[in-house]
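Visitor: To be precise about what I am sending: the file is called entry-v4.txt and holds compact mmCIF, C-alpha atoms.
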# COMPACT_ATOMS: atom_id res chain seq x y z
CA ILE A 263 13.62 -25.71 0.86
CA ASP A 264 11.05 -26.00 -1.94
CA THR A 265 9.11 -28.69 -0.08
CA SER A 266 9.23 -27.04 3.34
CA ILE A 267 9.09 -23.23 3.19
CA LYS A 268 6.01 -21.42 1.88
CA ASP A 269 6.53 -19.23 -1.18
CA ASP A 270 4.64 -16.40 0.52
CA ALA A 271 6.01 -17.01 4.02
CA ALA A 272 5.77 -14.38 6.73
CA ILE A 273 8.70 -11.97 6.92
CA LEU A 274 9.39 -12.72 10.59
CA ILE A 275 10.27 -16.33 11.36
CA THR A 276 8.65 -15.99 14.78
CA ALA A 277 5.30 -14.89 13.25
CA GLY A 278 4.37 -18.37 12.07
CA ASP A 279 2.88 -19.27 8.69
CA ILE A 280 6.23 -20.17 7.13
CA ILE A 281 6.10 -23.97 6.84
CA LYS A 282 4.17 -25.56 3.97
CA ASP A 283 1.14 -27.72 4.66
CA GLY A 284 1.99 -31.42 4.67
CA PHE A 285 5.64 -30.95 5.70
CA ASP A 286 5.18 -31.50 9.45
CA VAL A 287 2.39 -33.61 10.98
CA TRP A 288 2.28 -31.67 14.27
CA ILE A 289 2.10 -28.27 12.58
CA ASP A 290 -0.71 -29.56 10.35
CA ALA A 291 -2.59 -30.88 13.40
CA ASP A 292 -2.35 -27.52 15.19
CA ARG A 293 -3.47 -25.66 12.07
CA LYS A 294 -6.44 -28.02 11.70
CA THR A 295 -7.45 -27.44 15.33
CA ILE A 296 -7.31 -23.67 14.84
CA LEU A 297 -9.18 -23.76 11.52
CA GLU A 298 -11.93 -25.98 12.89
CA ALA A 299 -12.40 -23.90 16.06
CA HIS A 300 -15.13 -21.71 14.59
CA ASN A 301 -17.10 -24.74 13.42
CA TRP A 302 -16.68 -26.44 16.79
CA ILE A 303 -17.97 -23.36 18.64
CA SER A 304 -20.95 -23.09 16.29
CA ASP A 305 -21.81 -26.79 16.65
CA TYR A 306 -21.43 -26.68 20.43
CA GLN A 307 -23.65 -23.61 20.66
CA LYS A 308 -26.37 -25.43 18.66
CA GLU A 309 -25.99 -28.49 20.92
CA LEU A 310 -26.37 -26.39 24.08
CA THR A 311 -29.31 -24.44 22.64
CA GLU A 312 -31.15 -27.69 21.94
CA GLU A 313 -30.18 -29.20 25.28
CA THR A 314 -31.21 -26.19 27.39
CA GLN A 315 -34.05 -24.92 25.19
CA ILE A 316 -32.57 -21.40 25.49
CA PRO A 317 -32.74 -19.91 21.96
CA THR A 318 -30.79 -16.77 22.94
CA LEU A 319 -27.83 -18.73 24.36
CA LYS A 320 -24.56 -17.50 22.79
CA ILE A 321 -20.95 -18.63 23.08
CA LYS A 322 -18.66 -15.59 23.07
CA PHE A 323 -15.03 -14.71 23.68
CA THR A 324 -13.19 -11.89 25.44
CA ASN A 325 -9.49 -11.54 26.17
CA ASN A 326 -10.20 -11.34 29.92
CA LEU A 327 -12.57 -14.29 30.30
CA GLY A 328 -11.77 -16.43 27.27
CA TYR A 329 -14.72 -18.45 25.93
CA PHE A 330 -17.99 -18.37 27.82
CA ILE A 331 -21.69 -19.06 27.44
CA GLU A 332 -23.86 -15.98 27.79
CA ILE A 333 -27.46 -16.47 28.91
CA PRO A 334 -30.01 -13.70 29.47
CA LYS A 335 -31.15 -13.25 33.08
CA SER A 336 -34.70 -14.14 32.05
CA GLN A 337 -33.56 -17.65 31.08
CA ILE A 338 -31.34 -18.47 34.08
CA TRP A 339 -33.92 -20.89 35.50
CA LYS A 340 -33.21 -23.21 32.49
CA ILE A 341 -29.47 -23.54 33.19
CA PRO A 342 -28.37 -27.18 33.73
CA ASP A 343 -26.27 -28.29 36.70
CA ASN A 344 -23.12 -28.84 34.60
CA PHE A 345 -22.81 -25.10 33.83
CA ILE A 346 -20.07 -23.35 35.84
CA TRP A 347 -20.69 -19.70 36.75
CA LYS A 348 -18.11 -17.17 35.52
CA GLN A 349 -19.56 -13.66 35.67
CA ALA A 350 -22.78 -11.74 36.27
CA LEU A 351 -23.83 -8.78 34.13
CA THR A 352 -26.85 -6.50 34.34
CA GLN A 353 -28.82 -8.27 31.61
CA ALA A 354 -27.08 -11.67 31.45
CA SER A 355 -24.86 -14.17 33.19
CA ARG A 356 -21.80 -15.91 31.84
CA TYR A 357 -21.01 -19.58 32.32
CA THR A 358 -18.71 -22.26 31.08
CA THR A 359 -18.72 -26.05 30.95
CA GLU A 360 -15.98 -28.65 31.28
CA LYS A 361 -16.28 -29.34 27.55
CA LEU A 362 -15.89 -25.63 26.70
CA GLN A 363 -12.91 -25.36 29.08
CA TRP A 364 -11.30 -28.39 27.41
CA PHE A 365 -11.85 -26.84 23.97
CA GLU A 366 -10.40 -23.52 25.09
CA LYS A 367 -7.26 -25.18 26.49
CA THR A 368 -6.85 -27.25 23.33
CA LEU A 369 -7.26 -24.21 21.07
CA PHE A 370 -4.91 -22.00 23.08
CA ALA A 371 -2.32 -24.77 23.29
CA ALA A 372 -2.51 -25.30 19.53
CA SER A 373 -2.20 -21.57 18.87
CA SER A 374 0.77 -21.03 21.17
CA ASP A 375 2.50 -24.26 20.10
CA LEU A 376 2.07 -23.56 16.40
CA TYR A 377 4.45 -20.60 16.30
CA GLN A 378 7.06 -22.40 18.37
CA LYS A 379 6.81 -25.56 16.27
CA GLU A 380 7.10 -23.61 13.02
CA TYR A 381 10.13 -21.74 14.38
CA ASP A 382 11.79 -25.00 15.49
CA VAL A 383 11.18 -26.64 12.09
CA PHE A 384 12.52 -23.53 10.32
CA ILE A 385 15.69 -23.60 12.45
CA GLU A 386 16.14 -27.29 11.63
CA ILE A 387 15.80 -26.56 7.90
CA ARG A 388 18.22 -23.64 8.22
CA ASN A 389 20.75 -25.85 10.01
CA ASN A 390 20.49 -28.45 7.24
CA VAL A 391 21.17 -25.77 4.65
CA ILE A 392 24.14 -24.50 6.66
CA TRP A 393 25.44 -28.07 6.96
CA TYR A 394 25.47 -28.41 3.16
CA PHE A 395 26.33 -24.76 2.41
CA ASP A 396 29.95 -25.35 1.31
CA ASN A 397 28.87 -28.13 -1.03
CA LEU A 398 26.00 -26.03 -2.40
CA TYR A 399 28.30 -23.03 -2.85
CA TRP A 400 30.94 -24.96 -4.81
CA LEU A 401 28.30 -26.80 -6.79
CA SER A 402 26.69 -23.50 -7.79
CA ARG A 403 30.11 -22.06 -8.76
CA THR A 404 30.86 -25.14 -10.88
CA VAL A 405 27.45 -25.05 -12.58
CA SER A 406 27.91 -21.32 -13.23
CA PHE A 407 31.34 -21.92 -14.82
CA LEU A 408 30.00 -24.80 -16.93
CA ASP A 409 27.10 -22.59 -18.04
CA PHE A 410 29.57 -19.88 -19.08
CA ILE A 411 31.72 -22.35 -21.06
CA ALA A 412 28.70 -24.04 -22.69
CA ASN A 413 27.20 -20.71 -23.80
CA GLY A 414 30.59 -19.60 -25.15
CA ALA A 415 30.84 -22.84 -27.12
CA LEU A 416 27.28 -22.43 -28.44
CA ILE A 417 27.91 -18.85 -29.59
CA SER A 418 31.26 -19.85 -31.13
CA SER A 419 29.59 -22.67 -33.03
CA LYS A 420 26.68 -20.53 -34.32
CA ARG A 421 28.96 -17.69 -35.45
CA TRP A 422 31.76 -19.87 -36.84
CA TYR A 423 34.38 -18.59 -34.39
CA SER A 424 37.64 -20.50 -34.40
CA GLN A 425 40.47 -20.88 -31.94
CA ALA A 426 43.80 -19.25 -32.68
CA GLU A 427 46.61 -21.57 -33.69
CA ILE A 428 49.97 -21.01 -32.07
CA SER A 429 53.07 -22.09 -33.95
CA SER A 430 56.81 -21.77 -33.59
CA LYS A 431 57.03 -19.37 -36.57
CA TYR A 432 57.65 -15.71 -35.97
CA GLY A 433 54.94 -13.29 -36.97
CA ILE A 434 51.16 -13.10 -37.03
CA GLU A 435 48.98 -14.14 -39.92
CA ILE A 436 45.33 -13.12 -39.63
CA LEU A 437 42.90 -14.15 -42.37
CA GLY A 438 39.25 -13.03 -42.43
CA TRP A 439 39.21 -12.18 -38.76
CA LYS A 440 37.05 -9.73 -36.79
CA HIS A 441 36.84 -9.25 -33.03
CA PRO A 442 33.41 -10.50 -31.69
CA VAL A 443 32.65 -7.13 -30.04
CA ILE A 444 33.35 -5.26 -33.26
CA SER A 445 31.21 -7.77 -35.19
CA GLU A 446 28.24 -7.13 -32.88
CA LYS A 447 28.53 -3.33 -33.16
CA GLU A 448 28.46 -3.47 -36.95
CA LYS A 449 25.11 -5.32 -37.01
Taking this structure as input, can you express it in the form of structure tokens?
Guide:
Amino acid sequence: IDTSIKDDAAILITAGDIIKDGFDVWIDADRKTILEAHNWISDYQKELTEETQIPTLKIKFTNNLGYFIEIPKSQIWKIPDNFIWKQALTQASRYTTEKLQWFEKTLFAASSDLYQKEYDVFIEIRNNVIWYFDNLYWLSRTVSFLDFIANGALISSKRWYSQAEISSKYGIEILGWKHPVISEKEK
């Protein structure tokens, strides 16, 4: 559990962000893809700006269209043949390219797969814990009992407590004895 589950994991197991970095190669790969998306978009926008010589070219995103390249109407004559038309606006037109479409599919696949992968890994970890639960439960009970006995022995040793001696004689002989609770209250 210590090597797999984040200390500050999300409350919902379906919300993602519960598995530690380095525990699962596929989860790490999806996270890397998502984290590097902004840099990729920025680099691709610079590449297209240099290629087309359109300084106002922008790569944007909307929920309806996904990623697209927005070019002002005044610069449409500079658009290369590999641009694919998506939408016309009053002041601009929106396009995409095969490379941008590939990136978008890769990013969306990584995003949607990440939550499912994290959930599956969490369920696997949970099942392993359940598999060993009885052993862990009895081990914890045994350690707890041993801790209780060891602390009792330590306190008895420090305070010079002694064990009662039982004999076959009738009667009770108590010499220099005080109950531990009474001893503590007197201090």
Visitor: Which is closest to A:Glu360 among A:Ile333, A:Ile392, A:Ile346, A:Ile263, if we use all atoms listed in the file?
Guide: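 Smallest distance to A:Glu360 is found for A:Ile346.
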Visitor: Could you list, as a CSV table (one decimal) with C-alpha atoms, keeping the file's coordinate frame, every residue within 7 Å of A:Glu332, counting only C-alpha atoms and ignoring same-chain residues fewer than 2 positions away?
Guide:
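Saved the output as out-v2.csv:
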chain,number,residue,atom,x,y,z
A,319,LEU,CA,-27.8,-18.7,24.4
A,320,LYS,CA,-24.6,-17.5,22.8
A,321,ILE,CA,-21.0,-18.6,23.1
A,330,PHE,CA,-18.0,-18.4,27.8
A,334,PRO,CA,-30.0,-13.7,29.5
A,354,ALA,CA,-27.1,-11.7,31.4
A,355,SER,CA,-24.9,-14.2,33.2
A,356,ARG,CA,-21.8,-15.9,31.8
A,357,TYR,CA,-21.0,-19.6,32.3
Visitor: So which residues touch A:Ile331 within 12 Å, counting all atoms listed in the file, skipping near sequence neighbours fewer than 3 positions away, as a PyMOL selection string?
Guide: chain A and resi 303-304+306-308+310-311+314+316+318-324+327-328+334+338+341+345-350+354-363
Visitor: Using Å and a single decimal, report how far atom CA of A:Ser336 sits from atom CA of A:Gln353.
Guide: 8.3 Å
Visitor: Using atom CA of A:Asn325 and atom CA of A:Glu366 as the two end points, give the distance in Å to one decimal.
Guide: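 Separation between atom CA of A:Asn325 and atom CA of A:Glu366: 12.1 Å.
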Visitor: Work out how far atom CA of A:Arg293 is from atom CA of A:Ser373, in Å to one decimal.
Guide: 8.0 Å
Visitor: Would you list the contacts of A:Ala371 as a PyMOL selection string, taking every protein, DNA or RNA residue within 10 Å and counting all atoms listed in the file, but skipping same-chain residues closer than 6 positions in sequence?
Guide: chain A and resi 292+295-296+365
Visitor: Which residues are close to A:Thr276, i.e. within 10 Å by only C-alpha atoms, leaving aside same-chain residues fewer than 3 positions away? Reply as a PyMOL selection string.
Guide: chain A and resi 272-273+279-280+377-382+384
